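S.K.: Take this structure first; my questions come after.
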Amino acid sequence: VGVFGYRWDHAVSKRCKACNIQPMGCSLSLCEDICPLGPAVTRAEPQAHAGDGDYIPDGPQEVFDQAKELLSQGVVKVDHFENIYRLEKKFEGVPNWRNPQGFQVFGSGQPTIPGLELTLQHYCSLGIKKLLCVNMRSEPVIYANQFSYGPRNPNNLNENIEISGLSVRDVQELQNFLVAKVRATTRDNNNTFTYHKDTYALVPEDRKDYTQTETARPEDICSLTETYARENSKFPQIEVKILRLPVNDERVPNLEDFDRLVKIIEEEWDEWTGAHFNCQMGKGRTTTGMVLCCLTSSKLLRRPIPRPAGHTDSPDSLENGDYAVIRRLVGGVEDGARMKWEMDSVIDACDHMQNLRKCIWEAKVAHDKELAKGDESGSRRAAFWYKLGVNFIERYFYLILFNVYLTHRLDSAGEHKSFVQFCAARGDLTSLLGTRENGYLATFNWE
């Protein structure tokens, strides 16, 4: 029984017991978005109580129930806010699309339906035969009238909801529940679809929210999976595999999801394969997925990792990632300086929207600027930037540690077959960072 509550059972059936689909016979492999271990698995006996419904979540029952209660209010916000395009527009409806030089890896914000078609056309023109379409969002995603929407807490409309500890299958169940709820509400309101939209600002409290309505047919309100399946059917020349690595905004992925990505790339990657990562805006979570994919594919294919052309180190040591906890990590592993250098090189190659190392230092600059105002508003904003700084140093630490694991596994056929096992065995390294309650992370001050 694995992390997600599945048990291998090839002798029972060739179908996936979670979704009753035969992935090998489906070019889209919808099973990937529902059961993370792919075909021929059977659901293990649940350990949690069933709650009010028949569905038994893989993750904590309480977390699932709380998320479902929140989604039952049916409050959604359109993903495409004002000023979402931060990079030169390559495709209409695909915010912040980019491609790091030398990699067949792409990233963007959540595309509109016409935008999705444009990117699929582009990937076909590049000769890509298989596309790993990786959604990095932990929150459910639905489509209506060509645009994508995510659920929001009516008491906190300006930030994405956070759902932690649930499996891909759990998120899919919540996504289907949200679709049913929004469809029913729209139908009951004479086909009037109500949603929220906002202006963008770095600090959530500066974002202005407003409510909009438009006509929509309930049957045109669909889940992300349904939408991608319909659009992919128009391009039989490319095999699209929908995958999900659920990550909360500006946070490090779960350790299990590092392993999922390695497994996916090991099994799927070749010269005809590309990977497209997205979150809502295409910033932090998307960049994290791109960095992990570029590093992992390079390592597995034994390709050197070059420093991006024109790169120079900053005169500010913190901008270069020279934090006490990073120095200790680098000093505690074999060839630690190279492990950091390789990760920094990939981070710099993928920094079109966010540099996953420099953003730690940038959060400090913003934090100190707000704190210097000396008023209550500045203190609130400083607290926001401090929280991001903690998130960012944690993410950067685990990205370097992941490179240590991956290099050890490939170079010496290490005994740790997963990143989860590696981190559990190397408590001497993970304890350097500590937790948000104890240790370095709990008292982080950008030293």
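By order of appearance in the structure tokens: chains A, B, ..., then residues from 1 within every chain, and ligands from 1 in the order shown.
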Set the distance at 10 Å and use only C-alpha atoms: which residues neighbour Phe384 (chain A) once local chain neighbours fewer than 3 positions away are removed? I'd like the list as a VMD selection string.
M.R.: chain A and resid 202 to 205 363 366 to 367 370 378 to 381 387 to 389
S.K.: Got time to write the residues from that selection, N, CA, C and O atoms, as a PDB file, in the first residue's frame?
M.R.:
```
ATOM      1  N   LEU A 202       0.755  42.522  -5.536  1.00  0.00           N
ATOM      2  CA  LEU A 202       1.614  41.555  -4.851  1.00  0.00           C
ATOM      3  C   LEU A 202       1.052  41.191  -3.482  1.00  0.00           C
ATOM      4  O   LEU A 202       1.026  40.021  -3.096  1.00  0.00           O
ATOM      5  N   VAL A 203       0.603  42.197  -2.741  1.00  0.00           N
ATOM      6  CA  VAL A 203       0.042  41.957  -1.418  1.00  0.00           C
ATOM      7  C   VAL A 203      -1.464  41.717  -1.566  1.00  0.00           C
ATOM      8  O   VAL A 203      -2.167  42.564  -2.132  1.00  0.00           O
ATOM      9  N   PRO A 204      -1.985  40.580  -1.086  1.00  0.00           N
ATOM     10  CA  PRO A 204      -3.392  40.245  -1.307  1.00  0.00           C
ATOM     11  C   PRO A 204      -4.382  41.314  -0.878  1.00  0.00           C
ATOM     12  O   PRO A 204      -5.400  41.528  -1.548  1.00  0.00           O
ATOM     13  N   GLU A 205      -4.109  42.017   0.206  1.00  0.00           N
ATOM     14  CA  GLU A 205      -5.074  42.998   0.693  1.00  0.00           C
ATOM     15  C   GLU A 205      -5.234  44.186  -0.250  1.00  0.00           C
ATOM     16  O   GLU A 205      -6.193  44.952  -0.148  1.00  0.00           O
ATOM     17  N   ALA A 363      12.118  38.991  -1.032  1.00  0.00           N
ATOM     18  CA  ALA A 363      11.125  39.050   0.051  1.00  0.00           C
ATOM     19  C   ALA A 363      11.675  39.841   1.234  1.00  0.00           C
ATOM     20  O   ALA A 363      10.942  40.589   1.892  1.00  0.00           O
ATOM     21  N   ALA A 366      11.469  43.614   0.418  1.00  0.00           N
ATOM     22  CA  ALA A 366      10.093  44.091   0.558  1.00  0.00           C
ATOM     23  C   ALA A 366       9.680  44.132   2.030  1.00  0.00           C
ATOM     24  O   ALA A 366       9.003  45.059   2.471  1.00  0.00           O
ATOM     25  N   HIS A 367      10.091  43.117   2.796  1.00  0.00           N
ATOM     26  CA  HIS A 367       9.766  43.060   4.223  1.00  0.00           C
ATOM     27  C   HIS A 367      10.350  44.258   4.964  1.00  0.00           C
ATOM     28  O   HIS A 367       9.662  44.944   5.740  1.00  0.00           O
ATOM     29  N   GLU A 370       8.581  47.592   4.144  1.00  0.00           N
ATOM     30  CA  GLU A 370       7.274  47.767   4.797  1.00  0.00           C
ATOM     31  C   GLU A 370       7.442  48.023   6.294  1.00  0.00           C
ATOM     32  O   GLU A 370       6.751  48.850   6.881  1.00  0.00           O
ATOM     33  N   GLY A 378       2.034  48.835   7.480  1.00  0.00           N
ATOM     34  CA  GLY A 378       3.361  48.328   7.136  1.00  0.00           C
ATOM     35  C   GLY A 378       3.693  47.045   7.863  1.00  0.00           C
ATOM     36  O   GLY A 378       4.319  46.138   7.299  1.00  0.00           O
ATOM     37  N   SER A 379       3.249  46.926   9.106  1.00  0.00           N
ATOM     38  CA  SER A 379       3.500  45.706   9.881  1.00  0.00           C
ATOM     39  C   SER A 379       2.766  44.512   9.271  1.00  0.00           C
ATOM     40  O   SER A 379       3.313  43.410   9.210  1.00  0.00           O
ATOM     41  N   ARG A 380       1.521  44.742   8.826  1.00  0.00           N
ATOM     42  CA  ARG A 380       0.764  43.657   8.194  1.00  0.00           C
ATOM     43  C   ARG A 380       1.444  43.205   6.906  1.00  0.00           C
ATOM     44  O   ARG A 380       1.561  41.999   6.644  1.00  0.00           O
ATOM     45  N   ARG A 381       1.866  44.149   6.132  1.00  0.00           N
ATOM     46  CA  ARG A 381       2.515  43.817   4.863  1.00  0.00           C
ATOM     47  C   ARG A 381       3.876  43.147   5.094  1.00  0.00           C
ATOM     48  O   ARG A 381       4.258  42.235   4.360  1.00  0.00           O
ATOM     49  N   LYS A 387       6.316  35.721   5.752  1.00  0.00           N
ATOM     50  CA  LYS A 387       5.764  34.388   5.487  1.00  0.00           C
ATOM     51  C   LYS A 387       6.278  33.850   4.169  1.00  0.00           C
ATOM     52  O   LYS A 387       6.647  32.673   4.064  1.00  0.00           O
ATOM     53  N   LEU A 388       6.327  34.710   3.151  1.00  0.00           N
ATOM     54  CA  LEU A 388       6.865  34.271   1.864  1.00  0.00           C
ATOM     55  C   LEU A 388       8.339  33.915   1.984  1.00  0.00           C
ATOM     56  O   LEU A 388       8.802  32.942   1.372  1.00  0.00           O
ATOM     57  N   GLY A 389       9.093  34.698   2.746  1.00  0.00           N
ATOM     58  CA  GLY A 389      10.508  34.385   2.927  1.00  0.00           C
ATOM     59  C   GLY A 389      10.718  33.011   3.531  1.00  0.00           C
ATOM     60  O   GLY A 389      11.608  32.260   3.107  1.00  0.00           O
TER      61      GLY A 389
END
```
S.K.: Residues of region 84-294 of chain A in strand (DSSP E) according to DSSP, as an MDAnalysis selection string?
M.R.: chainID A and resid 105:108 130:137 142:144 147:151 192:198 209:215 222:223 239:247 273:278
S.K.: Mind writing the picked residues with N, CA and C atoms as a short mmCIF file (atom, residue, chain, number, x, y, z; two decimals), in the first residue's frame?
M.R.:
```cif
data_model
loop_
_atom_site.label_atom_id
_atom_site.label_comp_id
_atom_site.auth_asym_id
_atom_site.auth_seq_id
_atom_site.Cartn_x
_atom_site.Cartn_y
_atom_site.Cartn_z
N VAL A 105 10.83 21.82 -22.19
CA VAL A 105 9.98 22.04 -21.03
C VAL A 105 9.36 23.42 -21.17
N PHE A 106 8.08 23.53 -20.86
CA PHE A 106 7.34 24.76 -21.07
C PHE A 106 6.53 25.09 -19.82
N GLY A 107 6.15 26.35 -19.70
CA GLY A 107 5.35 26.75 -18.55
C GLY A 107 4.42 27.88 -18.92
N SER A 108 3.31 27.99 -18.17
CA SER A 108 2.37 29.08 -18.39
C SER A 108 1.39 29.14 -17.23
N LYS A 130 4.55 13.31 -27.62
CA LYS A 130 3.92 13.05 -26.32
C LYS A 130 4.12 14.28 -25.44
N LEU A 131 3.03 14.75 -24.83
CA LEU A 131 3.10 15.92 -23.97
C LEU A 131 2.64 15.55 -22.57
N LEU A 132 3.51 15.76 -21.60
CA LEU A 132 3.14 15.60 -20.20
C LEU A 132 2.58 16.94 -19.73
N CYS A 133 1.30 17.00 -19.52
CA CYS A 133 0.62 18.24 -19.17
C CYS A 133 0.40 18.23 -17.66
N VAL A 134 1.25 18.95 -16.93
CA VAL A 134 1.32 18.83 -15.47
C VAL A 134 0.69 20.06 -14.81
N ASN A 135 -0.41 19.84 -14.12
CA ASN A 135 -1.07 20.90 -13.38
C ASN A 135 -0.53 20.90 -11.96
N MET A 136 0.01 22.04 -11.51
CA MET A 136 0.67 22.14 -10.22
C MET A 136 -0.25 22.69 -9.12
N ARG A 137 -1.53 22.74 -9.37
CA ARG A 137 -2.45 23.38 -8.42
C ARG A 137 -3.04 22.37 -7.45
N ILE A 142 -12.11 24.39 -12.63
CA ILE A 142 -13.23 24.12 -13.53
C ILE A 142 -13.17 25.10 -14.69
N TYR A 143 -13.89 24.78 -15.76
CA TYR A 143 -13.98 25.66 -16.92
C TYR A 143 -15.43 26.02 -17.18
N ALA A 144 -15.66 27.27 -17.64
CA ALA A 144 -16.98 27.74 -18.05
C ALA A 144 -16.77 28.85 -19.06
N PHE A 147 -13.16 30.01 -20.11
CA PHE A 147 -12.18 30.40 -19.11
C PHE A 147 -12.14 29.42 -17.94
N SER A 148 -11.03 29.43 -17.21
CA SER A 148 -10.86 28.57 -16.04
C SER A 148 -11.14 29.36 -14.77
N TYR A 149 -11.56 28.60 -13.73
CA TYR A 149 -11.93 29.19 -12.45
C TYR A 149 -11.45 28.30 -11.32
N GLY A 150 -11.13 28.93 -10.20
CA GLY A 150 -10.76 28.19 -9.00
C GLY A 150 -11.65 28.59 -7.84
N PRO A 151 -11.85 27.70 -6.88
CA PRO A 151 -12.70 28.03 -5.73
C PRO A 151 -12.03 29.02 -4.79
N THR A 192 -27.69 31.65 -15.19
CA THR A 192 -26.81 32.78 -14.86
C THR A 192 -25.65 32.28 -14.02
N PHE A 193 -24.46 32.45 -14.55
CA PHE A 193 -23.23 31.99 -13.90
C PHE A 193 -22.60 33.17 -13.18
N THR A 194 -22.40 33.03 -11.88
CA THR A 194 -21.84 34.10 -11.06
C THR A 194 -20.42 33.75 -10.63
N TYR A 195 -19.51 34.70 -10.77
CA TYR A 195 -18.13 34.46 -10.39
C TYR A 195 -17.48 35.77 -9.94
N HIS A 196 -16.29 35.66 -9.38
CA HIS A 196 -15.54 36.83 -8.91
C HIS A 196 -14.33 37.07 -9.82
N LYS A 197 -13.87 38.30 -9.82
CA LYS A 197 -12.68 38.68 -10.57
C LYS A 197 -11.94 39.73 -9.75
N ASP A 198 -10.62 39.81 -9.92
CA ASP A 198 -9.91 40.83 -9.16
C ASP A 198 -8.79 41.46 -9.97
N ASP A 209 -11.66 43.13 -5.47
CA ASP A 209 -12.55 42.06 -5.94
C ASP A 209 -13.89 42.65 -6.39
N TYR A 210 -14.41 42.08 -7.47
CA TYR A 210 -15.76 42.45 -7.87
C TYR A 210 -16.46 41.24 -8.47
N THR A 211 -17.79 41.24 -8.38
CA THR A 211 -18.62 40.12 -8.81
C THR A 211 -19.14 40.37 -10.21
N GLN A 212 -19.14 39.31 -11.01
CA GLN A 212 -19.66 39.39 -12.37
C GLN A 212 -20.63 38.25 -12.63
N THR A 213 -21.53 38.46 -13.57
CA THR A 213 -22.45 37.40 -14.00
C THR A 213 -22.48 37.34 -15.51
N GLU A 214 -22.73 36.18 -16.03
CA GLU A 214 -22.90 36.00 -17.47
C GLU A 214 -23.72 34.74 -17.71
N THR A 215 -24.27 34.64 -18.89
CA THR A 215 -25.07 33.47 -19.23
C THR A 215 -24.16 32.28 -19.52
N CYS A 222 -17.44 22.50 -16.88
CA CYS A 222 -16.76 21.20 -16.87
C CYS A 222 -15.52 21.24 -15.99
N SER A 223 -15.05 20.06 -15.62
CA SER A 223 -13.81 19.96 -14.87
C SER A 223 -12.62 20.14 -15.80
N GLU A 239 0.03 12.68 -28.16
CA GLU A 239 -0.50 12.01 -26.98
C GLU A 239 -0.31 12.92 -25.78
N VAL A 240 -1.41 13.29 -25.16
CA VAL A 240 -1.36 14.17 -24.00
C VAL A 240 -1.68 13.37 -22.74
N LYS A 241 -0.80 13.46 -21.78
CA LYS A 241 -1.01 12.80 -20.50
C LYS A 241 -1.23 13.87 -19.44
N ILE A 242 -2.42 13.89 -18.89
CA ILE A 242 -2.74 14.86 -17.85
C ILE A 242 -2.24 14.34 -16.51
N LEU A 243 -1.42 15.14 -15.87
CA LEU A 243 -0.86 14.76 -14.57
C LEU A 243 -1.13 15.89 -13.59
N ARG A 244 -1.05 15.57 -12.32
CA ARG A 244 -1.26 16.60 -11.32
C ARG A 244 -0.26 16.42 -10.18
N LEU A 245 0.44 17.49 -9.87
CA LEU A 245 1.31 17.54 -8.70
C LEU A 245 0.77 18.67 -7.81
N PRO A 246 -0.11 18.36 -6.88
CA PRO A 246 -0.78 19.42 -6.12
C PRO A 246 0.15 20.13 -5.15
N VAL A 247 0.34 21.43 -5.36
CA VAL A 247 1.22 22.24 -4.52
C VAL A 247 0.46 23.49 -4.12
N THR A 273 9.35 13.74 -26.37
CA THR A 273 8.46 14.10 -25.27
C THR A 273 8.71 15.53 -24.82
N GLY A 274 7.65 16.24 -24.52
CA GLY A 274 7.74 17.57 -23.93
C GLY A 274 6.90 17.61 -22.67
N ALA A 275 7.11 18.61 -21.85
CA ALA A 275 6.34 18.77 -20.62
C ALA A 275 5.89 20.21 -20.49
N HIS A 276 4.60 20.38 -20.22
CA HIS A 276 4.03 21.72 -20.01
C HIS A 276 3.50 21.79 -18.58
N PHE A 277 4.04 22.74 -17.81
CA PHE A 277 3.62 22.93 -16.43
C PHE A 277 2.78 24.20 -16.33
N ASN A 278 1.78 24.16 -15.46
CA ASN A 278 1.01 25.38 -15.22
C ASN A 278 0.46 25.42 -13.81
#
```
S.K.: Taking only C-alpha atoms into account, which of A:Ile360, A:Met339, A:Val171, A:Val94 comes nearest Arg395 (chain A)?
M.R.: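 Of all the options, A:Ile360 lies closest to Arg395 (chain A).
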S.K.: Can you work out the spacing between CA of Ile128 (chain A) and CA of Gln101 (chain A) in Å, to one decimal?
M.R.: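 So the two atoms, CA of Ile128 (chain A) and CA of Gln101 (chain A), lie 16.2 Å apart.
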S.K.: Neighbours of region 354-358 of chain A within 7 Å (only C-alpha atoms; same-chain residues fewer than 2 positions away dropped), as a VMD selection string?
M.R.: chain A and resid 283 to 284 287 319 to 321 347 to 348 351 to 352 360 to 362 396
S.K.: Compare A:Asp270, A:Asp322, A:Glu250, A:Glu159 by their minimum atom-to-atom distance to Gly289 (chain A), counting only C-alpha atoms, and give me the closest one.
M.R.: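 Closest residue, counting only C-alpha atoms: A:Glu250.
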S.K.: By how many Å are CA of Glu256 (chain A) and CA of Val420 (chain A) apart?
M.R.: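 Taking CA of Glu256 (chain A) and CA of Val420 (chain A), their separation equals 6.2 Å.
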S.K.: Let's see if you can do this: from backbone DSSP, list all alpha helix (DSSP H) residues in region 104-149 of chain A, as a list in words.
M.R.: Ile113, Pro114, Gly115, Leu116, Glu117, Leu118, Thr119, Leu120, Gln121, His122, Tyr123, Cys124 and Ser125 of chain A
S.K.: Determine, counting only C-alpha atoms, which protein, DNA and RNA residues have an atom within 12 Å of an atom of Glu69 (chain A); residues of the same chain fewer than 4 positions away are not included. Present the result as an mmCIF file with all heavy atoms, in the first residue's frame.
M.R.:
```cif
data_model
loop_
_atom_site.group_PDB
_atom_site.id
_atom_site.type_symbol
_atom_site.label_atom_id
_atom_site.label_comp_id
_atom_site.auth_asym_id
_atom_site.auth_seq_id
_atom_site.Cartn_x
_atom_site.Cartn_y
_atom_site.Cartn_z
ATOM 1 N N ASP A 52 -20.102 11.609 5.525
ATOM 2 C CA ASP A 52 -21.483 11.717 5.087
ATOM 3 C C ASP A 52 -21.729 11.050 3.743
ATOM 4 O O ASP A 52 -22.859 10.795 3.370
ATOM 5 C CB ASP A 52 -21.884 13.198 4.990
ATOM 6 C CG ASP A 52 -21.851 13.875 6.352
ATOM 7 O OD1 ASP A 52 -22.075 13.174 7.356
ATOM 8 O OD2 ASP A 52 -21.595 15.079 6.387
ATOM 9 N N GLU A 62 -10.737 14.797 7.913
ATOM 10 C CA GLU A 62 -11.104 16.130 8.367
ATOM 11 C C GLU A 62 -10.754 17.182 7.325
ATOM 12 O O GLU A 62 -11.540 18.104 7.064
ATOM 13 C CB GLU A 62 -10.400 16.444 9.690
ATOM 14 C CG GLU A 62 -10.751 17.806 10.257
ATOM 15 C CD GLU A 62 -10.036 18.096 11.568
ATOM 16 O OE1 GLU A 62 -9.177 17.278 11.970
ATOM 17 O OE2 GLU A 62 -10.330 19.132 12.187
ATOM 18 N N VAL A 63 -9.568 17.055 6.711
ATOM 19 C CA VAL A 63 -9.154 18.011 5.687
ATOM 20 C C VAL A 63 -10.086 17.936 4.484
ATOM 21 O O VAL A 63 -10.524 18.966 3.944
ATOM 22 C CB VAL A 63 -7.698 17.736 5.247
ATOM 23 C CG1 VAL A 63 -7.315 18.619 4.058
ATOM 24 C CG2 VAL A 63 -6.744 17.973 6.406
ATOM 25 N N PHE A 64 -10.408 16.721 4.072
ATOM 26 C CA PHE A 64 -11.298 16.542 2.928
ATOM 27 C C PHE A 64 -12.672 17.129 3.218
ATOM 28 O O PHE A 64 -13.258 17.832 2.376
ATOM 29 C CB PHE A 64 -11.412 15.052 2.590
ATOM 30 C CG PHE A 64 -12.287 14.769 1.396
ATOM 31 C CD1 PHE A 64 -11.774 14.831 0.112
ATOM 32 C CD2 PHE A 64 -13.631 14.444 1.554
ATOM 33 C CE1 PHE A 64 -12.575 14.579 -0.996
ATOM 34 C CE2 PHE A 64 -14.443 14.197 0.469
ATOM 35 C CZ PHE A 64 -13.913 14.261 -0.816
ATOM 36 N N ASP A 65 -13.220 16.853 4.400
ATOM 37 C CA ASP A 65 -14.547 17.345 4.756
ATOM 38 C C ASP A 65 -14.578 18.864 4.820
ATOM 39 O O ASP A 65 -15.544 19.501 4.382
ATOM 40 C CB ASP A 65 -14.993 16.762 6.101
ATOM 41 C CG ASP A 65 -15.292 15.270 6.031
ATOM 42 O OD1 ASP A 65 -15.455 14.762 4.903
ATOM 43 O OD2 ASP A 65 -15.354 14.624 7.096
ATOM 44 N N GLN A 73 -20.138 26.029 -1.031
ATOM 45 C CA GLN A 73 -20.657 27.382 -1.181
ATOM 46 C C GLN A 73 -20.607 27.845 -2.633
ATOM 47 O O GLN A 73 -21.229 28.853 -2.985
ATOM 48 C CB GLN A 73 -19.886 28.334 -0.279
ATOM 49 C CG GLN A 73 -19.977 27.953 1.197
ATOM 50 C CD GLN A 73 -19.215 28.895 2.094
ATOM 51 O OE1 GLN A 73 -19.552 30.066 2.203
ATOM 52 N NE2 GLN A 73 -18.169 28.382 2.737
ATOM 53 N N GLY A 74 -19.846 27.109 -3.452
ATOM 54 C CA GLY A 74 -19.846 27.370 -4.891
ATOM 55 C C GLY A 74 -19.258 28.704 -5.309
ATOM 56 O O GLY A 74 -19.584 29.218 -6.383
ATOM 57 N N VAL A 75 -18.384 29.279 -4.484
ATOM 58 C CA VAL A 75 -17.768 30.572 -4.809
ATOM 59 C C VAL A 75 -16.518 30.318 -5.652
ATOM 60 O O VAL A 75 -15.596 29.623 -5.210
ATOM 61 C CB VAL A 75 -17.399 31.350 -3.533
ATOM 62 C CG1 VAL A 75 -16.711 32.659 -3.885
ATOM 63 C CG2 VAL A 75 -18.647 31.615 -2.698
ATOM 64 N N PRO A 151 -11.852 27.700 -6.877
ATOM 65 C CA PRO A 151 -12.702 28.027 -5.728
ATOM 66 C C PRO A 151 -12.027 29.018 -4.792
ATOM 67 O O PRO A 151 -10.803 29.044 -4.678
ATOM 68 C CB PRO A 151 -12.897 26.667 -5.051
ATOM 69 C CG PRO A 151 -11.645 25.920 -5.378
ATOM 70 C CD PRO A 151 -11.260 26.363 -6.766
ATOM 71 N N ARG A 152 -12.810 29.807 -4.127
ATOM 72 C CA ARG A 152 -12.296 30.761 -3.148
ATOM 73 C C ARG A 152 -13.117 30.693 -1.868
ATOM 74 O O ARG A 152 -14.306 30.341 -1.887
ATOM 75 C CB ARG A 152 -12.330 32.188 -3.702
ATOM 76 C CG ARG A 152 -11.362 32.447 -4.856
ATOM 77 C CD ARG A 152 -9.912 32.295 -4.432
ATOM 78 N NE ARG A 152 -8.988 32.367 -5.542
ATOM 79 C CZ ARG A 152 -8.299 33.450 -5.875
ATOM 80 N NH1 ARG A 152 -8.440 34.569 -5.180
ATOM 81 N NH2 ARG A 152 -7.461 33.424 -6.893
ATOM 82 N N ASN A 153 -12.469 31.049 -0.795
ATOM 83 C CA ASN A 153 -13.158 31.196 0.472
ATOM 84 C C ASN A 153 -13.878 32.545 0.457
ATOM 85 O O ASN A 153 -13.239 33.581 0.262
ATOM 86 C CB ASN A 153 -12.140 31.155 1.613
ATOM 87 C CG ASN A 153 -12.778 31.188 2.984
ATOM 88 O OD1 ASN A 153 -13.872 31.715 3.170
ATOM 89 N ND2 ASN A 153 -12.086 30.632 3.972
ATOM 90 N N LEU A 174 -13.002 16.334 -5.284
ATOM 91 C CA LEU A 174 -13.451 17.677 -4.931
ATOM 92 C C LEU A 174 -13.754 18.504 -6.178
ATOM 93 O O LEU A 174 -14.702 19.300 -6.196
ATOM 94 C CB LEU A 174 -12.381 18.378 -4.091
ATOM 95 C CG LEU A 174 -12.159 17.823 -2.680
ATOM 96 C CD1 LEU A 174 -10.943 18.487 -2.038
ATOM 97 C CD2 LEU A 174 -13.392 18.011 -1.803
ATOM 98 N N PHE A 177 -17.060 17.499 -7.477
ATOM 99 C CA PHE A 177 -18.084 18.029 -6.580
ATOM 100 C C PHE A 177 -18.343 19.506 -6.871
ATOM 101 O O PHE A 177 -19.500 19.960 -6.906
ATOM 102 C CB PHE A 177 -17.634 17.851 -5.125
ATOM 103 C CG PHE A 177 -18.553 18.469 -4.108
ATOM 104 C CD1 PHE A 177 -19.729 17.842 -3.735
ATOM 105 C CD2 PHE A 177 -18.238 19.691 -3.535
ATOM 106 C CE1 PHE A 177 -20.585 18.417 -2.798
ATOM 107 C CE2 PHE A 177 -19.078 20.275 -2.600
ATOM 108 C CZ PHE A 177 -20.256 19.635 -2.235
ATOM 109 N N LEU A 178 -17.263 20.275 -7.095
ATOM 110 C CA LEU A 178 -17.411 21.690 -7.391
ATOM 111 C C LEU A 178 -18.140 21.905 -8.714
ATOM 112 O O LEU A 178 -18.999 22.788 -8.821
ATOM 113 C CB LEU A 178 -16.038 22.360 -7.435
ATOM 114 C CG LEU A 178 -16.024 23.864 -7.722
ATOM 115 C CD1 LEU A 178 -16.769 24.638 -6.644
ATOM 116 C CD2 LEU A 178 -14.583 24.374 -7.845
ATOM 117 N N LYS A 181 -21.794 21.365 -8.137
ATOM 118 C CA LYS A 181 -22.376 22.462 -7.360
ATOM 119 C C LYS A 181 -22.597 23.689 -8.227
ATOM 120 O O LYS A 181 -23.679 24.300 -8.203
ATOM 121 C CB LYS A 181 -21.454 22.797 -6.187
ATOM 122 C CG LYS A 181 -21.910 23.992 -5.345
ATOM 123 C CD LYS A 181 -23.244 23.729 -4.681
ATOM 124 C CE LYS A 181 -23.706 24.920 -3.868
ATOM 125 N NZ LYS A 181 -25.020 24.667 -3.225
#
```
S.K.: Which residue gives the smallest distance to Phe444 (chain A) among A:Thr430, A:Asn248, A:Asn391, A:Asn160, with only C-alpha atoms counted?
M.R.: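 When distances to Phe444 (chain A) are compared using only C-alpha atoms, the smallest one comes from A:Asn391.
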S.K.: Quick check, in Å to one decimal: how far apart do CA of Trp269 (chain A) and CA of Met343 (chain A) lie?
M.R.: 20.2 Å
S.K.: Which residue, A:Leu371, A:Val390, A:Ile264, A:Ile400, has the smallest gap to Ala442 (chain A) when you use only C-alpha atoms?
M.R.: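 Checking each of A:Leu371, A:Val390, A:Ile264, A:Ile400 against Ala442 (chain A), counting only C-alpha atoms, the winner is A:Val390.
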S.K.: Write out as a PyMOL selection string each polymer residue whose atoms come within 8 Å of Glu92 (chain A), counting only C-alpha atoms; drop sequence neighbours fewer than 3 positions from it.
M.R.: chain A and resi 89+95+114-115
S.K.: Go ahead and dump the residues you just picked, all heavy atoms, as a CSV table (one decimal), in the first residue's frame.
M.R.:
```csv
chain,number,residue,atom,x,y,z
A,89,LYS,N,3.3,38.4,-24.7
A,89,LYS,CA,2.3,37.4,-25.1
A,89,LYS,C,2.7,36.6,-26.3
A,89,LYS,O,3.0,37.1,-27.4
A,89,LYS,CB,1.0,38.1,-25.3
A,89,LYS,CG,-0.2,37.2,-25.5
A,89,LYS,CD,-1.5,37.9,-25.8
A,89,LYS,CE,-1.9,38.8,-24.7
A,89,LYS,NZ,-3.2,39.5,-25.0
A,95,PRO,N,-1.4,32.9,-20.5
A,95,PRO,CA,-0.5,33.9,-19.9
A,95,PRO,C,0.9,33.4,-19.5
A,95,PRO,O,1.0,32.2,-19.0
A,95,PRO,CB,-1.3,34.3,-18.6
A,95,PRO,CG,-2.2,33.1,-18.4
A,95,PRO,CD,-2.6,32.6,-19.7
A,114,PRO,N,-9.5,28.2,-26.0
A,114,PRO,CA,-8.8,28.5,-27.2
A,114,PRO,C,-7.3,28.6,-27.1
A,114,PRO,O,-6.5,28.2,-28.0
A,114,PRO,CB,-9.3,29.9,-27.6
A,114,PRO,CG,-10.7,30.0,-26.9
A,114,PRO,CD,-10.5,29.3,-25.6
A,115,GLY,N,-6.8,29.0,-25.9
A,115,GLY,CA,-5.3,29.1,-25.7
A,115,GLY,C,-4.8,27.7,-25.6
A,115,GLY,O,-3.6,27.5,-26.1
```
